[in-house]
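Student: You'll find my_file27.csv just under this line, and it carries CSV, C-alpha atoms.
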chain,number,residue,atom,x,y,z
A,1,MET,CA,-15.2,-7.2,-30.8
A,2,LYS,CA,-12.1,-5.3,-31.9
A,3,ASP,CA,-9.6,-4.1,-29.4
A,4,ALA,CA,-10.6,-0.4,-30.1
A,5,GLU,CA,-14.2,-1.2,-29.3
A,6,ILE,CA,-13.2,-3.1,-26.1
A,7,PHE,CA,-11.1,-0.1,-25.0
A,8,ASP,CA,-13.9,2.4,-25.7
A,9,SER,CA,-16.4,0.3,-23.8
A,10,LEU,CA,-14.1,-0.2,-20.8
A,11,PHE,CA,-13.3,3.5,-20.4
A,12,ARG,CA,-16.8,4.7,-20.9
A,13,ASN,CA,-17.9,2.1,-18.3
A,14,ALA,CA,-15.2,3.6,-16.0
A,15,ILE,CA,-16.6,7.1,-16.4
A,16,ASP,CA,-20.1,5.7,-15.5
A,17,PHE,CA,-18.7,4.2,-12.3
A,18,LEU,CA,-16.9,7.4,-11.4
A,19,ASN,CA,-20.1,9.4,-11.8
A,20,ARG,CA,-22.1,6.9,-9.9
A,21,ALA,CA,-19.6,7.1,-7.0
A,22,LEU,CA,-20.5,10.8,-6.6
A,23,ASP,CA,-24.2,10.0,-6.8
A,24,GLU,CA,-24.0,7.4,-4.1
A,25,LEU,CA,-21.6,9.2,-1.6
A,26,ASP,CA,-24.1,11.0,0.6
A,27,ALA,CA,-26.7,8.2,1.0
A,28,HIS,CA,-24.6,5.1,0.4
A,29,PRO,CA,-20.8,5.8,1.0
A,30,LYS,CA,-19.9,2.1,0.8
A,31,TYR,CA,-21.3,1.9,-2.7
A,32,ALA,CA,-19.3,5.0,-3.6
A,33,LEU,CA,-16.1,3.2,-2.6
A,34,ILE,CA,-17.1,0.1,-4.6
A,35,ASP,CA,-17.9,2.2,-7.7
A,36,PHE,CA,-14.7,4.3,-7.5
A,37,ALA,CA,-12.5,1.3,-7.0
A,38,SER,CA,-14.1,-0.4,-10.0
A,39,ALA,CA,-13.6,2.7,-12.1
A,40,VAL,CA,-9.8,2.7,-11.4
A,41,GLU,CA,-9.5,-1.0,-12.2
A,42,LEU,CA,-11.4,-0.5,-15.5
A,43,VAL,CA,-9.0,2.4,-16.5
A,44,PHE,CA,-6.1,0.0,-15.9
A,45,LYS,CA,-7.8,-2.7,-18.0
A,46,ALA,CA,-8.5,-0.2,-20.8
A,47,ARG,CA,-4.7,0.6,-20.9
A,48,LEU,CA,-3.9,-3.1,-21.0
A,49,VAL,CA,-6.3,-3.6,-24.0
A,50,LEU,CA,-4.2,-1.1,-26.0
A,51,ILE,CA,-1.2,-3.4,-25.5
A,52,GLY,CA,-3.4,-6.4,-26.5
A,53,SER,CA,-6.8,-7.4,-25.3
A,54,MET,CA,-5.5,-10.9,-24.4
A,55,TRP,CA,-3.6,-9.3,-21.5
A,56,VAL,CA,-6.8,-8.3,-19.7
A,57,ALA,CA,-7.6,-12.0,-19.1
A,58,GLU,CA,-6.2,-13.8,-16.1
A,59,GLU,CA,-5.2,-16.5,-18.6
A,60,PRO,CA,-4.3,-14.7,-21.9
A,61,THR,CA,-5.0,-17.9,-23.9
A,62,GLU,CA,-8.7,-17.7,-22.9
A,63,ALA,CA,-9.2,-14.2,-24.3
A,64,THR,CA,-11.5,-14.8,-27.3
A,65,PRO,CA,-13.8,-12.2,-28.8
A,66,GLU,CA,-16.8,-14.4,-27.9
A,67,ARG,CA,-15.8,-14.5,-24.2
A,68,PHE,CA,-15.4,-10.7,-24.2
A,69,ALA,CA,-18.8,-10.1,-25.7
A,70,GLN,CA,-20.5,-12.6,-23.4
A,71,GLY,CA,-18.8,-11.2,-20.3
A,72,LYS,CA,-17.5,-14.7,-19.3
A,73,LEU,CA,-13.8,-13.8,-19.2
A,74,ARG,CA,-12.0,-13.9,-15.9
A,75,THR,CA,-10.0,-10.6,-16.0
A,76,VAL,CA,-7.1,-9.2,-14.1
A,77,GLY,CA,-7.3,-7.2,-10.9
A,78,LEU,CA,-5.5,-3.9,-10.2
A,79,GLU,CA,-2.2,-5.4,-9.0
A,80,LEU,CA,-1.8,-7.8,-11.9
A,81,ALA,CA,-2.8,-5.1,-14.4
A,82,LYS,CA,-0.1,-2.8,-13.1
A,83,LYS,CA,2.5,-5.6,-13.3
A,84,ARG,CA,1.6,-6.4,-16.9
A,85,ILE,CA,1.6,-2.8,-18.0
A,86,GLU,CA,5.0,-2.2,-16.6
A,87,SER,CA,6.5,-5.5,-17.9
A,88,LEU,CA,5.0,-5.1,-21.4
A,89,THR,CA,5.8,-1.4,-21.9
A,90,ASP,CA,8.5,1.0,-20.7
A,91,GLU,CA,6.0,2.7,-18.4
A,92,ASN,CA,6.3,2.8,-14.6
A,93,ILE,CA,3.2,3.7,-12.6
A,94,ASP,CA,3.9,6.3,-9.9
A,95,ALA,CA,4.3,4.5,-6.6
A,96,THR,CA,2.6,7.2,-4.6
A,97,ALA,CA,-0.4,7.2,-6.9
A,98,PHE,CA,-0.7,3.4,-6.9
A,99,THR,CA,-0.6,3.3,-3.1
A,100,VAL,CA,-3.7,5.5,-3.1
A,101,PHE,CA,-5.4,3.2,-5.7
A,102,GLN,CA,-4.5,0.2,-3.6
A,103,ALA,CA,-6.1,1.8,-0.5
A,104,ILE,CA,-9.4,2.4,-2.3
A,105,ALA,CA,-9.3,-1.2,-3.6
A,106,ARG,CA,-8.7,-2.6,-0.1
A,107,HIS,CA,-11.6,-0.7,1.2
A,108,ARG,CA,-13.8,-2.0,-1.6
A,109,ASN,CA,-12.7,-5.6,-0.9
A,110,ARG,CA,-13.7,-5.2,2.7
A,111,VAL,CA,-17.1,-4.0,1.8
A,112,VAL,CA,-17.7,-6.7,-0.9
A,113,HIS,CA,-16.1,-9.7,0.8
A,114,PHE,CA,-16.7,-9.0,4.5
A,115,PHE,CA,-17.9,-5.7,5.9
A,116,HIS,CA,-16.6,-2.2,6.6
A,117,THR,CA,-17.7,-0.7,10.0
A,118,GLY,CA,-18.7,2.9,10.5
A,119,LEU,CA,-19.2,3.9,6.9
A,120,GLU,CA,-22.6,5.3,7.6
A,121,SER,CA,-21.3,7.9,10.0
A,122,LYS,CA,-20.8,11.5,9.0
A,123,SER,CA,-17.1,11.4,9.7
A,124,GLN,CA,-16.7,8.4,7.5
A,125,ARG,CA,-18.6,10.0,4.7
A,126,GLU,CA,-16.1,12.9,4.9
A,127,ALA,CA,-13.2,10.4,4.9
A,128,VAL,CA,-14.5,8.6,1.8
A,129,ALA,CA,-15.0,12.0,0.1
A,130,GLY,CA,-11.3,12.8,0.8
A,131,GLU,CA,-10.2,9.5,-0.5
A,132,ILE,CA,-12.1,9.9,-3.7
A,133,TYR,CA,-10.7,13.5,-4.1
A,134,VAL,CA,-7.1,12.3,-3.7
A,135,ALA,CA,-7.6,9.2,-5.8
A,136,TRP,CA,-9.1,11.3,-8.7
A,137,TYR,CA,-6.1,13.7,-8.4
A,138,HIS,CA,-3.7,10.9,-9.1
A,139,LEU,CA,-5.9,9.2,-11.7
A,140,TYR,CA,-6.4,12.6,-13.5
A,141,ARG,CA,-2.6,13.1,-13.6
A,142,LEU,CA,-2.1,9.6,-15.1
A,143,LEU,CA,-4.8,10.1,-17.7
A,144,THR,CA,-3.6,13.6,-18.7
A,145,GLY,CA,0.1,12.9,-18.2
A,146,PRO,CA,1.9,9.6,-19.1
A,147,TRP,CA,-1.3,8.1,-20.7
A,148,ARG,CA,-2.5,11.3,-22.4
A,149,LYS,CA,-1.9,10.0,-25.9
A,150,HIS,CA,-4.2,7.0,-25.2
A,151,PHE,CA,-7.1,8.9,-23.5
A,152,SER,CA,-6.9,12.4,-25.2
A,153,SER,CA,-10.1,11.7,-27.2
A,154,TYR,CA,-12.0,11.4,-23.9
A,155,SER,CA,-10.8,14.8,-22.5
A,156,LYS,CA,-14.3,16.2,-22.4
A,157,LEU,CA,-15.6,13.3,-20.3
A,158,ILE,CA,-12.6,13.6,-18.0
A,159,SER,CA,-13.0,17.3,-17.6
A,160,GLU,CA,-16.7,17.0,-16.9
A,161,PHE,CA,-16.1,14.5,-14.1
A,162,GLY,CA,-13.4,16.7,-12.7
A,163,ALA,CA,-16.0,19.6,-12.6
A,164,ARG,CA,-18.5,17.3,-10.8
A,165,LEU,CA,-16.0,16.9,-7.9
A,166,GLN,CA,-17.1,20.3,-6.7
A,167,SER,CA,-20.1,18.4,-5.2
A,168,LEU,CA,-17.7,17.1,-2.6
A,169,ALA,CA,-17.0,20.6,-1.2
A,170,PRO,CA,-19.6,20.4,1.7
A,171,PHE,CA,-17.8,17.2,3.0
A,172,LEU,CA,-14.4,18.9,2.8
A,173,ASP,CA,-15.7,22.1,4.2
A,174,ALA,CA,-16.9,20.2,7.2
A,175,VAL,CA,-13.5,18.6,7.8
A,176,PHE,CA,-11.8,22.0,7.5
A,177,ASP,CA,-14.1,23.6,10.0
A,178,ARG,CA,-13.8,20.7,12.5
A,179,VAL,CA,-10.1,19.9,12.2
A,180,VAL,CA,-8.2,22.9,10.9
A,181,LYS,CA,-10.0,26.1,11.9
A,182,SER,CA,-9.6,25.4,15.6
A,183,ASN,CA,-6.1,24.0,15.4
A,184,PRO,CA,-3.5,26.4,16.9
A,185,LYS,CA,-0.9,25.2,14.4
A,186,ALA,CA,-3.1,26.0,11.4
A,187,ASN,CA,-1.2,29.3,10.7
A,188,THR,CA,1.8,27.2,9.8
A,189,TYR,CA,-0.1,25.1,7.2
A,190,SER,CA,0.3,25.7,3.5
A,191,LYS,CA,-2.1,25.3,0.5
A,192,CYS,CA,-2.8,21.7,-0.4
A,193,PRO,CA,-2.2,21.0,-4.2
A,194,VAL,CA,-5.2,18.6,-4.3
A,195,CYS,CA,-8.1,20.2,-2.4
A,196,SER,CA,-6.7,23.8,-2.3
A,197,TYR,CA,-7.4,24.3,1.4
A,198,GLN,CA,-4.8,25.9,3.7
A,199,SER,CA,-4.4,22.5,5.4
A,200,LEU,CA,-1.1,21.0,4.3
A,201,ASP,CA,1.0,20.2,7.4
A,202,SER,CA,4.8,19.8,6.8
A,203,ALA,CA,5.5,19.0,10.5
A,204,THR,CA,4.8,15.3,10.1
A,205,GLY,CA,7.8,13.9,12.0
A,206,ASP,CA,7.9,11.1,9.4
A,207,ARG,CA,10.9,10.5,7.3
A,208,TYR,CA,8.9,9.3,4.4
A,209,GLN,CA,6.2,12.0,4.5
A,210,SER,CA,7.2,15.6,4.0
A,211,ALA,CA,3.6,16.8,4.3
A,212,ILE,CA,0.1,15.6,4.9
A,213,CYS,CA,-3.3,17.4,4.3
A,214,HIS,CA,-5.6,17.4,7.2
A,215,VAL,CA,-8.7,17.9,5.0
A,216,CYS,CA,-8.4,15.5,2.0
A,217,GLY,CA,-5.7,13.2,3.4
A,218,TYR,CA,-3.2,13.8,0.5
A,219,ILE,CA,0.3,12.7,1.4
A,220,GLU,CA,3.4,14.3,-0.1
A,221,PRO,CA,6.2,11.8,-0.1
A,222,SER,CA,9.6,12.8,1.2
A,223,HIS,CA,12.6,12.6,-1.2
A,224,ARG,CA,15.2,13.5,1.4
A,225,ALA,CA,16.5,10.0,1.6
A,226,ILE,CA,16.9,9.9,-2.2
A,227,GLN,CA,18.7,13.2,-2.1
A,228,HIS,CA,21.2,11.8,0.3
A,229,GLY,CA,21.9,8.8,-2.0
A,230,GLU,CA,19.4,6.4,-0.4
A,231,GLU,CA,16.2,4.9,-1.6
A,232,ASP,CA,12.9,5.1,0.2
A,233,PHE,CA,12.6,1.7,1.9
A,234,VAL,CA,9.6,-0.5,1.0
A,235,ALA,CA,9.0,-4.1,1.8
A,236,ASN,CA,6.5,-6.9,1.3
A,237,CYS,CA,4.4,-8.4,4.1
A,238,ALA,CA,4.2,-12.2,4.3
A,239,SER,CA,1.5,-12.0,7.0
A,240,CYS,CA,-1.1,-10.4,4.7
A,241,ASP,CA,0.6,-10.8,1.2
A,242,GLY,CA,0.8,-7.0,0.9
A,243,HIS,CA,3.0,-5.9,-2.0
A,244,GLN,CA,5.3,-3.1,-0.9
A,245,THR,CA,3.0,-2.1,1.9
A,246,VAL,CA,5.7,-2.0,4.6
A,247,LEU,CA,7.7,1.0,5.6
A,248,ALA,CA,10.6,1.5,8.1
A,249,THR,CA,9.3,3.6,11.0
A,250,GLY,CA,12.3,4.2,13.2
A,251,PHE,CA,10.9,1.6,15.6
A,252,GLY,CA,11.1,-1.3,13.2
A,253,PHE,CA,8.8,-2.0,10.3
A,254,LYS,CA,5.0,-1.6,9.9
A,255,CYS,CA,2.6,-2.9,7.3
A,256,SER,CA,0.1,-0.3,6.1
A,257,GLU,CA,-2.3,-3.0,5.0
A,258,CYS,CA,-2.7,-5.2,8.0
A,259,GLY,CA,-1.3,-2.8,10.6
A,260,GLU,CA,1.1,-5.3,12.1
A,261,SER,CA,4.6,-4.2,13.3
A,262,PHE,CA,7.8,-6.2,12.8
A,263,ALA,CA,11.2,-6.0,14.4
A,264,ASP,CA,13.1,-7.7,11.6
A,265,CYS,CA,13.2,-7.6,7.8
A,266,THR,CA,14.6,-10.1,5.3
A,267,THR,CA,16.2,-9.2,2.0
A,268,CYS,CA,16.1,-11.9,-0.7
A,269,ASP,CA,19.6,-12.8,-1.7
A,270,TYR,CA,18.5,-13.6,-5.2
A,271,CYS,CA,16.1,-10.8,-6.3
A,272,SER,CA,16.8,-8.2,-3.5
A,273,GLU,CA,13.1,-7.9,-2.5
A,274,HIS,CA,12.5,-7.0,1.1
A,275,TRP,CA,10.2,-9.1,3.3
A,276,VAL,CA,8.8,-9.1,6.8
A,277,GLY,CA,6.6,-11.6,8.6
A,278,ASN,CA,8.2,-14.8,7.4
A,279,SER,CA,9.7,-17.0,10.2
A,280,ASP,CA,11.3,-19.6,7.8
A,281,PRO,CA,15.1,-19.2,8.3
A,282,ASP,CA,15.8,-20.3,4.7
A,283,TYR,CA,13.3,-17.8,3.2
A,284,GLY,CA,15.0,-15.4,0.9
A,285,ASP,CA,18.3,-17.3,0.5
A,286,TYR,CA,20.0,-17.4,-2.9
A,287,LEU,CA,18.9,-20.9,-3.8
A,288,SER,CA,15.3,-21.0,-2.7
A,289,GLY,CA,14.5,-17.3,-3.1
A,290,CYS,CA,11.2,-15.7,-2.1
A,291,ASP,CA,7.6,-15.6,-3.3
A,292,TYR,CA,8.6,-13.3,-6.2
A,293,CYS,CA,11.7,-15.1,-7.7
A,294,ASN,CA,11.8,-18.8,-6.4
A,295,GLY,CA,15.6,-18.4,-6.3
A,296,ALA,CA,18.5,-19.8,-8.4
A,297,LEU,CA,17.1,-23.3,-8.3
A,298,SER,CA,14.2,-22.4,-10.6
A,299,ARG,CA,16.7,-21.0,-13.1
A,300,ILE,CA,18.9,-24.2,-12.9
A,301,LYS,CA,15.8,-26.3,-13.4
A,302,ASP,CA,14.7,-24.3,-16.5
A,303,ASP,CA,18.2,-24.7,-17.9
Would you write the structure of this file as structure tokens?

Tutor:
Amino acid sequence: MKDAEIFDSLFRNAIDFLNRALDELDAHPKYALIDFASAVELVFKARLVLIGSMWVAEEPTEATPERFAQGKLRTVGLELAKKRIESLTDENIDATAFTVFQAIARHRNRVVHFFHTGLESKSQREAVAGEIYVAWYHLYRLLTGPWRKHFSSYSKLISEFGARLQSLAPFLDAVFDRVVKSNPKANTYSKCPVCSYQSLDSATGDRYQSAICHVCGYIEPSHRAIQHGEEDFVANCASCDGHQTVLATGFGFKCSECGESFADCTTCDYCSEHWVGNSDPDYGDYLSGCDYCNGALSRIKDD
């Protein structure tokens, strides 16, 4: 198969999964999560194919046309796909968008590899609908923004799926009626840019969140720290191997993936990555480094 054929097959498969996610939501919300997460991963793989089909394989040297055609190739996941796209091109995936994609992927993994409690309840169906709505918002912006030149020939398919999202309206209406209508603070809310309900709350009390939607769950990141010459703090979690899943909370540090809180944070002397959850006193020093860099010793050995 040629790279163009692989790209086309991957993206059309992604669209199929997106549509199936909507078909499954009401009766089988856990399958909707699996389908939507698979679709996002397929879009990232399709982008990788345009760089070179070999990069879709976990081991690029194993990427032969025969293995692609037979479906026997071990391919990258979402995290590795992002890393390769950013290292092989001048593109940077929006951090807020990727956090949303990661959340969907984590929920999919819980369903596939363990179990996810409560997904059959009405409130959980509504939560899944909100997650899909927000994730599509970010995926659509990626497909029609930075990646527009690559996916423009599929604009009709993309628009058709966007129109189908109106089927989620009953789920979002229910959340609005239950959570927002009776809230005495609702008159201070503004219009959400994703779901368009008057449900965007700017009184979050969180330094890193300037607003949050009480209907679809959209989070608007705060740029106040950047405006004051700082960078928003993110760290990695050694307890659950979460990549940039840790935020400073004002009470220490908390991982959004495993939920654990930490009092201290380590900054690697060699690569400047931030880490929590590692008790090794030498972890992150200049010579031995961390999980991402292996320190100066690795460079000395290579030399």

Student: Using CA of Glu59 in chain A and CA of Lys83 in chain A as the two end points, give the distance in Å to one decimal.

Tutor: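 Here the two named atoms are 14.4 Å from each other.
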
Student: Mind pulling up the distance from CA of Pro29 in chain A to CA of Gln124 in chain A?

Tutor: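 According to the coordinates, CA of Gln124 in chain A and CA of Pro29 in chain A are separated by 8.1 Å.
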
Student: Go through A:Val194, A:Ala97, A:Leu142, A:Ala27 one by one, measure the shortest atom-to-atom distance of each to Lys122 in chain A using all atoms listed in the file, and give the residue with the smallest value.

Tutor: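 Nearest to Lys122 in chain A: A:Ala27.
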
Student: I want to know what sits within 10 Å of Asp8 in chain A, based on all atoms listed in the file, with residues of the same chain fewer than 3 positions away left out; could you give that as a VMD selection string?

Tutor: chain A and resid 3 to 5 11 to 14 46 49 151 154

Student: In Å to one decimal, how far is CA of Asp241 in chain A from CA of Gly259 in chain A?

Tutor: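 CA of Asp241 in chain A lies at a distance of 12.5 Å from CA of Gly259 in chain A.
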
Student: Write out as a list of chain:residue names each polymer residue whose atoms come within 7 Å of range 188-191 of chain A, counting all atoms listed in the file; drop sequence neighbours fewer than 4 positions from it.

Tutor: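 So, after excluding close chain neighbours, the residues are A:Ser196, A:Tyr197, A:Gln198, A:Ser199, A:Leu200, A:Asp201.
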
Student: Considering all atoms listed in the file, return as a list in words whatever protein or nucleic-acid residues lie within 10 Å of Cys258 in chain A, sequence-local ones (same chain, fewer than 6 positions apart) excluded.

Tutor: Cys237, Ser239, Cys240, Asp241, Gly242, Thr245 and Val246 of chain A

Student: Between A:Leu50, A:Gly205, A:Asp269, A:Gly277, which is the closest to Ala235 in chain A once you count all atoms listed in the file?

Tutor: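 Result for the nearest residue to Ala235 in chain A: A:Gly277.
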
Student: Point out the residue among A:Leu139, A:Leu22, A:Val40, A:Ile104 with the least atom-to-atom distance to Ala169 in chain A, counting only C-alpha atoms.

Tutor: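 Using only C-alpha atoms, Ala169 in chain A sits closest to A:Leu22.
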
Student: Write out as number ranges by chain which residues come within 10 Å of Asp26 in chain A when counting all atoms listed in the file, dropping same-chain ones fewer than 4 positions away.

Tutor: A: 21-22, 30, 32, 120, 122, 125-126, 128-129, 168, 171

Student: Do a neighbour search on Glu220 in chain A at 6 Å with all atoms listed in the file, toss out local chain neighbours closer than 3 positions, and write the hits as a compact mmCIF listing (two decimals) with C-alpha atoms, in the coordinates of the input.

Tutor:
# COMPACT_ATOMS: atom_id res chain seq x y z
CA GLN A 209 6.20 12.00 4.50
CA SER A 210 7.20 15.60 4.00
CA ALA A 211 3.60 16.80 4.30

Student: Rebuild range 142-165 of chain A so that it carries N, CA, C and O atoms, then output the result as a PDB file, keeping the file's coordinate frame.

Tutor:
ATOM      1  N   LEU A 142      -2.527  10.772 -14.223  1.00  0.00           N
ATOM      2  CA  LEU A 142      -2.100   9.600 -15.100  1.00  0.00           C
ATOM      3  C   LEU A 142      -2.768   9.735 -16.445  1.00  0.00           C
ATOM      4  O   LEU A 142      -2.103   9.552 -17.473  1.00  0.00           O
ATOM      5  N   LEU A 143      -4.063  10.052 -16.473  1.00  0.00           N
ATOM      6  CA  LEU A 143      -4.800  10.100 -17.700  1.00  0.00           C
ATOM      7  C   LEU A 143      -4.361  11.292 -18.617  1.00  0.00           C
ATOM      8  O   LEU A 143      -4.404  11.205 -19.848  1.00  0.00           O
ATOM      9  N   THR A 144      -3.965  12.388 -17.984  1.00  0.00           N
ATOM     10  CA  THR A 144      -3.600  13.600 -18.700  1.00  0.00           C
ATOM     11  C   THR A 144      -2.083  13.778 -18.832  1.00  0.00           C
ATOM     12  O   THR A 144      -1.617  14.740 -19.429  1.00  0.00           O
ATOM     13  N   GLY A 145      -1.341  12.850 -18.213  1.00  0.00           N
ATOM     14  CA  GLY A 145       0.100  12.900 -18.200  1.00  0.00           C
ATOM     15  C   GLY A 145       0.697  11.763 -19.049  1.00  0.00           C
ATOM     16  O   GLY A 145       0.644  11.773 -20.289  1.00  0.00           O
ATOM     17  N   PRO A 146       1.229  10.720 -18.383  1.00  0.00           N
ATOM     18  CA  PRO A 146       1.900   9.600 -19.100  1.00  0.00           C
ATOM     19  C   PRO A 146       0.941   8.886 -20.087  1.00  0.00           C
ATOM     20  O   PRO A 146       1.392   8.383 -21.107  1.00  0.00           O
ATOM     21  N   TRP A 147      -0.375   8.852 -19.785  1.00  0.00           N
ATOM     22  CA  TRP A 147      -1.300   8.100 -20.700  1.00  0.00           C
ATOM     23  C   TRP A 147      -2.130   9.087 -21.542  1.00  0.00           C
ATOM     24  O   TRP A 147      -3.146   8.684 -22.117  1.00  0.00           O
ATOM     25  N   ARG A 148      -1.706  10.319 -21.651  1.00  0.00           N
ATOM     26  CA  ARG A 148      -2.500  11.300 -22.400  1.00  0.00           C
ATOM     27  C   ARG A 148      -2.758  10.910 -23.822  1.00  0.00           C
ATOM     28  O   ARG A 148      -3.876  11.069 -24.331  1.00  0.00           O
ATOM     29  N   LYS A 149      -1.756  10.365 -24.491  1.00  0.00           N
ATOM     30  CA  LYS A 149      -1.900  10.000 -25.900  1.00  0.00           C
ATOM     31  C   LYS A 149      -2.969   8.925 -26.107  1.00  0.00           C
ATOM     32  O   LYS A 149      -3.570   8.803 -27.169  1.00  0.00           O
ATOM     33  N   HIS A 150      -3.201   8.140 -25.069  1.00  0.00           N
ATOM     34  CA  HIS A 150      -4.200   7.000 -25.200  1.00  0.00           C
ATOM     35  C   HIS A 150      -5.602   7.510 -24.872  1.00  0.00           C
ATOM     36  O   HIS A 150      -6.564   6.949 -25.395  1.00  0.00           O
ATOM     37  N   PHE A 151      -5.739   8.530 -23.997  1.00  0.00           N
ATOM     38  CA  PHE A 151      -7.100   8.900 -23.500  1.00  0.00           C
ATOM     39  C   PHE A 151      -7.452  10.350 -23.931  1.00  0.00           C
ATOM     40  O   PHE A 151      -8.460  10.868 -23.447  1.00  0.00           O
ATOM     41  N   SER A 152      -6.675  10.970 -24.836  1.00  0.00           N
ATOM     42  CA  SER A 152      -6.900  12.400 -25.200  1.00  0.00           C
ATOM     43  C   SER A 152      -8.302  12.562 -25.856  1.00  0.00           C
ATOM     44  O   SER A 152      -8.925  13.617 -25.717  1.00  0.00           O
ATOM     45  N   SER A 153      -8.798  11.556 -26.553  1.00  0.00           N
ATOM     46  CA  SER A 153     -10.100  11.700 -27.200  1.00  0.00           C
ATOM     47  C   SER A 153     -11.261  11.723 -26.218  1.00  0.00           C
ATOM     48  O   SER A 153     -12.398  12.026 -26.590  1.00  0.00           O
ATOM     49  N   TYR A 154     -10.965  11.423 -24.949  1.00  0.00           N
ATOM     50  CA  TYR A 154     -12.000  11.400 -23.900  1.00  0.00           C
ATOM     51  C   TYR A 154     -11.823  12.627 -22.976  1.00  0.00           C
ATOM     52  O   TYR A 154     -12.363  12.627 -21.864  1.00  0.00           O
ATOM     53  N   SER A 155     -11.073  13.641 -23.410  1.00  0.00           N
ATOM     54  CA  SER A 155     -10.800  14.800 -22.500  1.00  0.00           C
ATOM     55  C   SER A 155     -12.015  15.486 -22.031  1.00  0.00           C
ATOM     56  O   SER A 155     -12.053  15.961 -20.898  1.00  0.00           O
ATOM     57  N   LYS A 156     -13.060  15.548 -22.867  1.00  0.00           N
ATOM     58  CA  LYS A 156     -14.300  16.200 -22.400  1.00  0.00           C
ATOM     59  C   LYS A 156     -14.955  15.444 -21.281  1.00  0.00           C
ATOM     60  O   LYS A 156     -15.384  16.045 -20.286  1.00  0.00           O
ATOM     61  N   LEU A 157     -15.029  14.120 -21.402  1.00  0.00           N
ATOM     62  CA  LEU A 157     -15.600  13.300 -20.300  1.00  0.00           C
ATOM     63  C   LEU A 157     -14.790  13.428 -19.052  1.00  0.00           C
ATOM     64  O   LEU A 157     -15.339  13.510 -17.948  1.00  0.00           O
ATOM     65  N   ILE A 158     -13.473  13.448 -19.200  1.00  0.00           N
ATOM     66  CA  ILE A 158     -12.600  13.600 -18.000  1.00  0.00           C
ATOM     67  C   ILE A 158     -12.771  14.906 -17.356  1.00  0.00           C
ATOM     68  O   ILE A 158     -12.878  14.989 -16.129  1.00  0.00           O
ATOM     69  N   SER A 159     -12.836  15.972 -18.138  1.00  0.00           N
ATOM     70  CA  SER A 159     -13.000  17.300 -17.600  1.00  0.00           C
ATOM     71  C   SER A 159     -14.382  17.460 -16.905  1.00  0.00           C
ATOM     72  O   SER A 159     -14.512  18.097 -15.855  1.00  0.00           O
ATOM     73  N   GLU A 160     -15.399  16.877 -17.513  1.00  0.00           N
ATOM     74  CA  GLU A 160     -16.700  17.000 -16.900  1.00  0.00           C
ATOM     75  C   GLU A 160     -16.805  16.286 -15.579  1.00  0.00           C
ATOM     76  O   GLU A 160     -17.435  16.798 -14.650  1.00  0.00           O
ATOM     77  N   PHE A 161     -16.138  15.145 -15.458  1.00  0.00           N
ATOM     78  CA  PHE A 161     -16.100  14.500 -14.100  1.00  0.00           C
ATOM     79  C   PHE A 161     -15.345  15.331 -13.148  1.00  0.00           C
ATOM     80  O   PHE A 161     -15.763  15.475 -11.983  1.00  0.00           O
ATOM     81  N   GLY A 162     -14.219  15.890 -13.567  1.00  0.00           N
ATOM     82  CA  GLY A 162     -13.400  16.700 -12.700  1.00  0.00           C
ATOM     83  C   GLY A 162     -14.272  17.903 -12.142  1.00  0.00           C
ATOM     84  O   GLY A 162     -14.184  18.253 -10.957  1.00  0.00           O
ATOM     85  N   ALA A 163     -15.094  18.483 -12.990  1.00  0.00           N
ATOM     86  CA  ALA A 163     -16.000  19.600 -12.600  1.00  0.00           C
ATOM     87  C   ALA A 163     -16.990  19.103 -11.544  1.00  0.00           C
ATOM     88  O   ALA A 163     -17.364  19.831 -10.618  1.00  0.00           O
ATOM     89  N   ARG A 164     -17.463  17.868 -11.696  1.00  0.00           N
ATOM     90  CA  ARG A 164     -18.500  17.300 -10.800  1.00  0.00           C
ATOM     91  C   ARG A 164     -17.916  17.130  -9.364  1.00  0.00           C
ATOM     92  O   ARG A 164     -18.677  17.044  -8.394  1.00  0.00           O
ATOM     93  N   LEU A 165     -16.583  17.071  -9.232  1.00  0.00           N
ATOM     94  CA  LEU A 165     -16.000  16.900  -7.900  1.00  0.00           C
ATOM     95  C   LEU A 165     -16.311  18.021  -6.959  1.00  0.00           C
ATOM     96  O   LEU A 165     -16.143  17.894  -5.748  1.00  0.00           O
TER      97      LEU A 165
END
